[in-house]
$ cat target-v5.pdb   # PDB, C-alpha atoms and all ligand atoms
ATOM      1  CA  MET A 164      15.627 -55.972  79.957
ATOM      2  CA  ARG A 165      12.664 -53.950  81.107
ATOM      3  CA  ASP A 166      10.140 -55.605  83.323
ATOM      4  CA  ILE A 167       6.753 -54.646  81.984
ATOM      5  CA  ARG A 168       5.077 -55.271  85.316
ATOM      6  CA  SER A 169       7.105 -52.681  87.156
ATOM      7  CA  SER A 170       6.748 -49.930  84.594
ATOM      8  CA  SER A 171       3.227 -48.683  84.077
ATOM      9  CA  LEU A 172       2.909 -48.489  80.302
ATOM     10  CA  PRO A 173       5.519 -49.071  77.656
ATOM     11  CA  THR A 174       6.837 -45.717  76.593
ATOM     12  CA  GLN A 175       5.887 -44.692  73.128
ATOM     13  CA  THR A 176       8.669 -44.152  70.666
ATOM     14  CA  SER A 177       8.555 -41.175  68.380
ATOM     15  CA  LEU A 178       8.674 -43.347  65.275
ATOM     16  CA  SER A 179       5.674 -45.581  64.916
ATOM     17  CA  GLY A 180       4.689 -46.195  68.488
ATOM     18  CA  CYS A 181       1.291 -47.547  69.265
ATOM     19  CA  PRO A 182       0.044 -47.161  72.815
ATOM     20  CA  LEU A 183      -1.989 -49.870  74.464
ATOM     21  CA  SER A 184      -5.260 -48.036  73.882
ATOM     22  CA  GLU A 185      -4.588 -48.123  70.146
ATOM     23  CA  VAL A 186      -3.958 -51.847  70.365
ATOM     24  CA  ARG A 187      -7.304 -52.266  72.137
ATOM     25  CA  ASP A 188      -9.046 -50.235  69.421
ATOM     26  CA  LYS A 189      -7.315 -52.268  66.739
ATOM     27  CA  LEU A 190      -8.480 -55.524  68.317
ATOM     28  CA  ARG A 191     -12.045 -54.290  68.777
ATOM     29  CA  SER A 192     -12.336 -53.071  65.217
ATOM     30  CA  ALA A 193     -11.155 -56.508  64.060
ATOM     31  CA  GLY A 194     -13.930 -58.066  66.130
ATOM     32  CA  LEU A 195     -11.661 -59.417  68.884
ATOM     33  CA  ARG A 196     -12.293 -58.860  72.560
ATOM     34  CA  PRO A 197      -9.232 -57.073  73.996
ATOM     35  CA  THR A 198      -8.231 -59.634  76.598
ATOM     36  CA  ARG A 199      -5.035 -59.126  78.583
ATOM     37  CA  GLN A 200      -3.145 -61.707  76.505
ATOM     38  CA  ARG A 201      -4.280 -60.256  73.189
ATOM     39  CA  VAL A 202      -3.448 -56.695  74.192
ATOM     40  CA  LEU A 203      -0.028 -57.759  75.421
ATOM     41  CA  LEU A 204       0.849 -59.756  72.311
ATOM     42  CA  GLY A 205      -0.790 -57.120  70.126
ATOM     43  CA  TRP A 206       1.430 -54.499  71.646
ATOM     44  CA  MET A 207       4.510 -56.645  71.048
ATOM     45  CA  LEU A 208       3.483 -57.177  67.435
ATOM     46  CA  PHE A 209       1.985 -53.862  66.397
ATOM     47  CA  GLY A 210       3.641 -51.464  68.815
ATOM     48  CA  ARG A 211       6.615 -50.804  66.611
ATOM     49  CA  ALA A 212       7.502 -50.963  62.940
ATOM     50  CA  HIS A 213       6.223 -53.799  60.773
ATOM     51  CA  ARG A 214       7.851 -57.088  61.564
ATOM     52  CA  HIS A 215       7.972 -60.759  60.678
ATOM     53  CA  VAL A 216       7.743 -63.111  63.578
ATOM     54  CA  CYS A 217       7.305 -66.797  64.264
ATOM     55  CA  ALA A 218       5.473 -68.173  67.270
ATOM     56  CA  GLU A 219       8.681 -69.455  68.838
ATOM     57  CA  ASP A 220      10.334 -66.024  68.787
ATOM     58  CA  LEU A 221       7.237 -64.279  70.074
ATOM     59  CA  PHE A 222       6.911 -66.790  72.889
ATOM     60  CA  GLU A 223      10.538 -66.197  73.836
ATOM     61  CA  GLU A 224       9.948 -62.437  73.811
ATOM     62  CA  ALA A 225       6.851 -62.792  75.959
ATOM     63  CA  THR A 226       8.763 -64.994  78.384
ATOM     64  CA  LYS A 227      11.590 -62.456  78.656
ATOM     65  CA  ALA A 228       8.991 -59.769  79.338
ATOM     66  CA  ARG A 229       7.596 -62.024  82.083
ATOM     67  CA  ALA A 230       4.222 -61.957  80.416
ATOM     68  CA  GLY A 231       3.306 -65.332  81.873
ATOM     69  CA  LEU A 232       1.813 -66.647  78.644
ATOM     70  CA  SER A 233       1.912 -70.270  77.580
ATOM     71  CA  GLN A 234       3.201 -71.342  74.203
ATOM     72  CA  ALA A 235      -0.329 -72.498  73.316
ATOM     73  CA  THR A 236      -1.714 -69.044  74.075
ATOM     74  CA  VAL A 237       0.881 -67.450  71.815
ATOM     75  CA  TYR A 238       0.064 -69.902  68.987
ATOM     76  CA  ASN A 239      -3.681 -69.462  69.386
ATOM     77  CA  THR A 240      -3.460 -65.688  69.535
ATOM     78  CA  LEU A 241      -1.337 -65.546  66.377
ATOM     79  CA  ARG A 242      -3.935 -67.731  64.666
ATOM     80  CA  GLN A 243      -6.801 -65.515  65.875
ATOM     81  CA  PHE A 244      -5.001 -62.353  64.743
ATOM     82  CA  THR A 245      -4.428 -63.939  61.332
ATOM     83  CA  ASP A 246      -8.061 -65.021  60.995
ATOM     84  CA  ALA A 247      -9.137 -61.498  61.947
ATOM     85  CA  GLY A 248      -6.910 -60.015  59.225
ATOM     86  CA  LEU A 249      -4.449 -58.349  61.604
ATOM     87  CA  LEU A 250      -1.591 -60.585  60.521
ATOM     88  CA  ARG A 251      -0.680 -62.262  57.293
ATOM     89  CA  GLN A 252       0.985 -65.621  57.262
ATOM     90  CA  VAL A 253       4.100 -65.785  55.130
ATOM     91  CA  HIS A 254       4.105 -69.063  53.299
ATOM     92  CA  MET A 255       7.537 -70.491  52.949
ATOM     93  CA  ALA A 256       8.738 -74.032  52.719
ATOM     94  CA  ALA A 257       9.899 -74.403  56.272
ATOM     95  CA  ASP A 258       8.743 -76.091  59.403
ATOM     96  CA  ARG A 259       7.908 -72.771  61.011
ATOM     97  CA  ALA A 260       5.014 -70.471  60.327
ATOM     98  CA  TYR A 261       5.958 -66.829  60.040
ATOM     99  CA  PHE A 262       3.528 -63.997  60.550
ATOM    100  CA  ASP A 263       3.724 -60.528  59.086
ATOM    101  CA  THR A 264       2.263 -57.456  60.749
ATOM    102  CA  ASN A 265       2.135 -55.799  57.331
ATOM    103  CA  VAL A 266      -1.067 -57.130  55.811
ATOM    104  CA  GLN A 267      -0.690 -55.164  52.577
ATOM    105  CA  GLU A 268       0.261 -57.243  49.570
ATOM    106  CA  HIS A 269       4.029 -57.323  49.284
ATOM    107  CA  HIS A 270       6.782 -59.790  48.480
ATOM    108  CA  HIS A 271       9.597 -61.265  50.521
ATOM    109  CA  PHE A 272      13.228 -62.194  50.429
ATOM    110  CA  VAL A 273      13.916 -65.303  52.485
ATOM    111  CA  VAL A 274      17.464 -66.091  53.563
ATOM    112  CA  GLU A 275      17.809 -69.821  53.033
ATOM    113  CA  GLY A 276      18.836 -71.796  56.058
ATOM    114  CA  GLU A 277      18.245 -68.868  58.385
ATOM    115  CA  GLY A 278      14.509 -68.444  58.143
ATOM    116  CA  ARG A 279      15.086 -64.715  57.959
ATOM    117  CA  ILE A 280      12.468 -62.704  56.083
ATOM    118  CA  ILE A 281      13.023 -59.296  54.518
ATOM    119  CA  ASP A 282      10.437 -57.241  52.665
ATOM    120  CA  VAL A 283      11.123 -56.707  48.986
ATOM    121  CA  PRO A 284      10.986 -52.935  48.452
ATOM    122  CA  GLU A 285       7.768 -51.803  46.866
ATOM    123  CA  MET A 286       7.917 -51.626  43.068
ATOM    124  CA  ALA A 287      11.186 -53.565  43.015
ATOM    125  CA  LEU A 288       9.418 -56.576  41.615
ATOM    126  CA  ALA A 289       7.006 -56.187  38.737
ATOM    127  CA  LEU A 290       4.667 -58.962  37.728
ATOM    128  CA  THR A 291       3.838 -58.349  34.120
ATOM    129  CA  GLU A 292       1.565 -61.273  33.568
ATOM    130  CA  MET A 293      -0.963 -62.782  35.908
ATOM    131  CA  PRO A 294      -1.832 -66.452  35.564
ATOM    132  CA  THR A 295      -5.416 -67.306  34.840
ATOM    133  CA  ALA A 296      -7.065 -68.980  37.790
ATOM    134  CA  PRO A 297      -8.395 -72.484  37.125
ATOM    135  CA  ALA A 298     -12.137 -72.784  36.640
ATOM    136  CA  GLY A 299     -13.991 -72.295  39.887
ATOM    137  CA  PHE A 300     -11.227 -70.257  41.473
ATOM    138  CA  ALA A 301     -10.280 -66.617  41.745
ATOM    139  CA  ILE A 302      -6.834 -65.315  42.607
ATOM    140  CA  ALA A 303      -6.892 -64.305  46.264
ATOM    141  CA  GLY A 304      -3.399 -62.852  46.359
ATOM    142  CA  ILE A 305       0.109 -63.254  45.064
ATOM    143  CA  ASP A 306       3.035 -63.760  47.372
ATOM    144  CA  VAL A 307       6.420 -64.006  45.739
ATOM    145  CA  ILE A 308       9.287 -65.398  47.756
ATOM    146  CA  VAL A 309      12.745 -64.531  46.491
ATOM    147  CA  ARG A 310      15.241 -66.899  48.091
ATOM    148  CA  LEU A 311      18.627 -65.584  49.097
ATOM    149  CA  ARG A 312      21.873 -67.338  49.888
ATOM    150  CA  ARG A 313      24.874 -65.695  51.424
ATOM    151  CA  VAL A 314      27.892 -65.092  49.211
ATOM    152  CA  ASP A 315      31.454 -64.396  50.241
ATOM    153  CA  GLU A 316      32.178 -60.752  49.756
ATOM    154  CA  ALA A 317      35.404 -60.478  47.792
TER     155      ALA A 317
HETATM  156 ZN    ZN B   1       6.629 -58.561  55.003
END
$ encode --input "target-v5.pdb" --output "structure tokens"
Amino acid sequence: MRDIRSSSLPTQTSLSGCPLSEVRDKLRSAGLRPTRQRVLLGWMLFGRAHRHVCAEDLFEEATKARAGLSQATVYNTLRQFTDAGLLRQVHMAADRAYFDTNVQEHHHFVVEGEGRIIDVPEMALALTEMPTAPAGFAIAGIDVIVRLRRVDEA
């Protein structure tokens, strides 16, 4: 496990790396002051490919990286990122809130009992009919959750 204090900056991967300066820009353009905690968590969230994460996992990651962040800070920062439109909360019937770094509209597979979330490939799910919103409401978005259960492979 790399200690982020001893190495200067996390090395950028050739895939979809996002250096710390890009994280700062991302935060600023979302109207958030790039504090140390936000930049650190932002880098963990947005520095690589899109991911789904819950506060508990992110806190554990931050602890392993010796980031010195409290659980409350991790929760609050996830909430602030979501309010600023940098994260999307994945609504699933579970006791944990999951956050998605992909804020584009897309659907999810959820593995029941594991809390694991997988993106449904684009175009793999077609909604042919939209419900009419009740009076006084407009549809803000559609999130479909396709639940999965494991089967024994014969
Ligand atoms: Zn997703």
$ closest_atom_pairs --input "target-v5.pdb" --of "chain A" --to "ligand ZN 1 (chain B)" --cutoff "9 Å" --atoms "all atoms listed in the file" --output "JSON lines"
{"residue": "A:His213", "atom": "CA", "partner": "B:ZN1", "partner_atom": "ZN", "distance": 7.5}
{"residue": "A:Arg214", "atom": "CA", "partner": "B:ZN1", "partner_atom": "ZN", "distance": 6.8}
{"residue": "A:His215", "atom": "CA", "partner": "B:ZN1", "partner_atom": "ZN", "distance": 6.2}
{"residue": "A:Arg251", "atom": "CA", "partner": "B:ZN1", "partner_atom": "ZN", "distance": 8.5}
{"residue": "A:Val253", "atom": "CA", "partner": "B:ZN1", "partner_atom": "ZN", "distance": 7.7}
{"residue": "A:Phe262", "atom": "CA", "partner": "B:ZN1", "partner_atom": "ZN", "distance": 8.4}
{"residue": "A:Asp263", "atom": "CA", "partner": "B:ZN1", "partner_atom": "ZN", "distance": 5.4}
{"residue": "A:Thr264", "atom": "CA", "partner": "B:ZN1", "partner_atom": "ZN", "distance": 7.3}
{"residue": "A:Asn265", "atom": "CA", "partner": "B:ZN1", "partner_atom": "ZN", "distance": 5.8}
{"residue": "A:Val266", "atom": "CA", "partner": "B:ZN1", "partner_atom": "ZN", "distance": 7.9}
{"residue": "A:Gln267", "atom": "CA", "partner": "B:ZN1", "partner_atom": "ZN", "distance": 8.4}
{"residue": "A:Glu268", "atom": "CA", "partner": "B:ZN1", "partner_atom": "ZN", "distance": 8.5}
{"residue": "A:His269", "atom": "CA", "partner": "B:ZN1", "partner_atom": "ZN", "distance": 6.4}
{"residue": "A:His270", "atom": "CA", "partner": "B:ZN1", "partner_atom": "ZN", "distance": 6.6}
{"residue": "A:His271", "atom": "CA", "partner": "B:ZN1", "partner_atom": "ZN", "distance": 6.0}
{"residue": "A:Phe272", "atom": "CA", "partner": "B:ZN1", "partner_atom": "ZN", "distance": 8.8}
{"residue": "A:Ile280", "atom": "CA", "partner": "B:ZN1", "partner_atom": "ZN", "distance": 7.2}
{"residue": "A:Ile281", "atom": "CA", "partner": "B:ZN1", "partner_atom": "ZN", "distance": 6.5}
{"residue": "A:Asp282", "atom": "CA", "partner": "B:ZN1", "partner_atom": "ZN", "distance": 4.7}
{"residue": "A:Val283", "atom": "CA", "partner": "B:ZN1", "partner_atom": "ZN", "distance": 7.7}
$ residues_around --input "target-v5.pdb" --residues "Asn239 of chain A" --least-positions-apart "3" --cutoff "12 Å" --atoms "all atoms listed in the file" --output "list of chain:residue names"
A:Gln200, A:Arg201, A:Leu204, A:Ala218, A:Phe222, A:Leu232, A:Ser233, A:Gln234, A:Ala235, A:Thr236, A:Arg242, A:Gln243, A:Phe244, A:Thr245, A:Asp246
$ residues_around --input "target-v5.pdb" --residues "Met207 of chain A" --least-positions-apart "4" --cutoff "9 Å" --atoms "only C-alpha atoms" --output "list in words"
Val202, Leu203, Arg211, Leu221, Glu224 and Ala225 of chain A
$ atom_distance --input "target-v5.pdb" --atom1 "atom CA of Ala287 of chain A" --atom2 "atom CA of Arg312 of chain A"
18.7 Å
$ resolve_selection --input "target-v5.pdb" --expression "the PyMOL selection byres (((chain A and resi 260) around 6) and not hetatm)" --output "list in words"
Cys217, Arg259 and Tyr261 of chain A
$ decode --input "target-v5.pdb" --residues "segment 205-217 of chain A" --atoms "all heavy atoms" --output "short mmCIF file (atom, residue, chain, number, x, y, z; two decimals), in the first residue's frame"
data_model
loop_
_atom_site.label_atom_id
_atom_site.label_comp_id
_atom_site.auth_asym_id
_atom_site.auth_seq_id
_atom_site.Cartn_x
_atom_site.Cartn_y
_atom_site.Cartn_z
N GLY A 205 -11.75 13.84 -3.64
CA GLY A 205 -12.05 14.02 -5.06
C GLY A 205 -11.09 13.22 -5.92
O GLY A 205 -11.49 12.60 -6.90
N TRP A 206 -9.84 13.20 -5.51
CA TRP A 206 -8.87 12.43 -6.28
C TRP A 206 -9.17 10.94 -6.18
O TRP A 206 -9.08 10.20 -7.15
CB TRP A 206 -7.44 12.72 -5.81
CG TRP A 206 -6.46 11.95 -6.62
CD1 TRP A 206 -6.03 12.25 -7.88
CD2 TRP A 206 -5.85 10.72 -6.25
NE1 TRP A 206 -5.18 11.27 -8.33
CE2 TRP A 206 -5.05 10.33 -7.35
CE3 TRP A 206 -5.90 9.92 -5.12
CZ2 TRP A 206 -4.30 9.16 -7.33
CZ3 TRP A 206 -5.16 8.75 -5.10
CH2 TRP A 206 -4.37 8.38 -6.19
N MET A 207 -9.56 10.50 -4.99
CA MET A 207 -9.89 9.08 -4.81
C MET A 207 -11.12 8.70 -5.64
O MET A 207 -11.22 7.58 -6.14
CB MET A 207 -10.14 8.77 -3.33
CG MET A 207 -8.92 8.98 -2.48
SD MET A 207 -9.28 8.82 -0.73
CE MET A 207 -9.00 7.11 -0.54
N LEU A 208 -12.04 9.64 -5.77
CA LEU A 208 -13.29 9.34 -6.48
C LEU A 208 -13.16 9.52 -7.99
O LEU A 208 -13.63 8.70 -8.77
CB LEU A 208 -14.41 10.25 -5.98
CG LEU A 208 -14.94 9.97 -4.57
CD1 LEU A 208 -15.75 11.15 -4.08
CD2 LEU A 208 -15.79 8.71 -4.58
N PHE A 209 -12.54 10.61 -8.40
CA PHE A 209 -12.56 10.97 -9.82
C PHE A 209 -11.24 10.70 -10.52
O PHE A 209 -11.11 10.95 -11.70
CB PHE A 209 -12.92 12.45 -9.98
CG PHE A 209 -14.14 12.86 -9.20
CD1 PHE A 209 -14.07 13.88 -8.25
CD2 PHE A 209 -15.36 12.23 -9.41
CE1 PHE A 209 -15.19 14.25 -7.53
CE2 PHE A 209 -16.48 12.60 -8.68
CZ PHE A 209 -16.40 13.61 -7.74
N GLY A 210 -10.25 10.24 -9.77
CA GLY A 210 -8.92 10.07 -10.35
C GLY A 210 -8.80 8.91 -11.31
O GLY A 210 -7.88 8.84 -12.08
N ARG A 211 -9.73 8.00 -11.23
CA ARG A 211 -9.65 6.83 -12.10
C ARG A 211 -10.95 6.68 -12.89
O ARG A 211 -11.66 7.64 -13.08
CB ARG A 211 -9.37 5.58 -11.26
CG ARG A 211 -7.93 5.53 -10.79
CD ARG A 211 -7.73 4.57 -9.64
NE ARG A 211 -8.24 5.14 -8.39
CZ ARG A 211 -8.41 4.44 -7.28
NH1 ARG A 211 -8.16 3.17 -7.27
NH2 ARG A 211 -8.85 5.02 -6.19
N ALA A 212 -11.24 5.47 -13.30
CA ALA A 212 -12.46 5.25 -14.07
C ALA A 212 -13.68 5.48 -13.18
O ALA A 212 -13.56 5.56 -11.95
CB ALA A 212 -12.47 3.82 -14.60
N HIS A 213 -14.84 5.59 -13.79
CA HIS A 213 -16.07 5.77 -13.03
C HIS A 213 -16.23 4.65 -12.01
O HIS A 213 -15.86 3.51 -12.25
CB HIS A 213 -17.28 5.76 -13.96
CG HIS A 213 -17.46 7.05 -14.66
ND1 HIS A 213 -17.49 8.27 -14.00
CD2 HIS A 213 -17.62 7.34 -15.97
CE1 HIS A 213 -17.67 9.24 -14.87
NE2 HIS A 213 -17.74 8.71 -16.08
N ARG A 214 -16.77 4.99 -10.88
CA ARG A 214 -16.95 3.97 -9.85
C ARG A 214 -18.18 4.24 -9.00
O ARG A 214 -18.71 5.35 -8.99
CB ARG A 214 -15.70 3.90 -8.98
CG ARG A 214 -15.34 5.23 -8.34
CD ARG A 214 -14.03 5.18 -7.59
NE ARG A 214 -14.08 4.19 -6.54
CZ ARG A 214 -13.27 4.21 -5.47
NH1 ARG A 214 -12.37 5.13 -5.34
NH2 ARG A 214 -13.37 3.30 -4.54
N HIS A 215 -18.60 3.19 -8.31
CA HIS A 215 -19.70 3.28 -7.36
C HIS A 215 -19.11 3.06 -5.99
O HIS A 215 -18.38 2.10 -5.79
CB HIS A 215 -20.76 2.21 -7.64
CG HIS A 215 -21.21 2.21 -9.07
ND1 HIS A 215 -20.80 1.26 -9.96
CD2 HIS A 215 -22.01 3.04 -9.74
CE1 HIS A 215 -21.34 1.51 -11.14
NE2 HIS A 215 -22.09 2.59 -11.05
N VAL A 216 -19.43 3.90 -5.07
CA VAL A 216 -18.78 3.80 -3.77
C VAL A 216 -19.76 4.18 -2.67
O VAL A 216 -20.64 5.02 -2.87
CB VAL A 216 -17.51 4.69 -3.77
CG1 VAL A 216 -17.85 6.16 -3.72
CG2 VAL A 216 -16.59 4.32 -2.63
N CYS A 217 -19.63 3.53 -1.53
CA CYS A 217 -20.42 3.95 -0.38
C CYS A 217 -19.47 4.61 0.62
O CYS A 217 -18.25 4.43 0.54
CB CYS A 217 -21.18 2.79 0.25
SG CYS A 217 -20.15 1.52 0.98
#
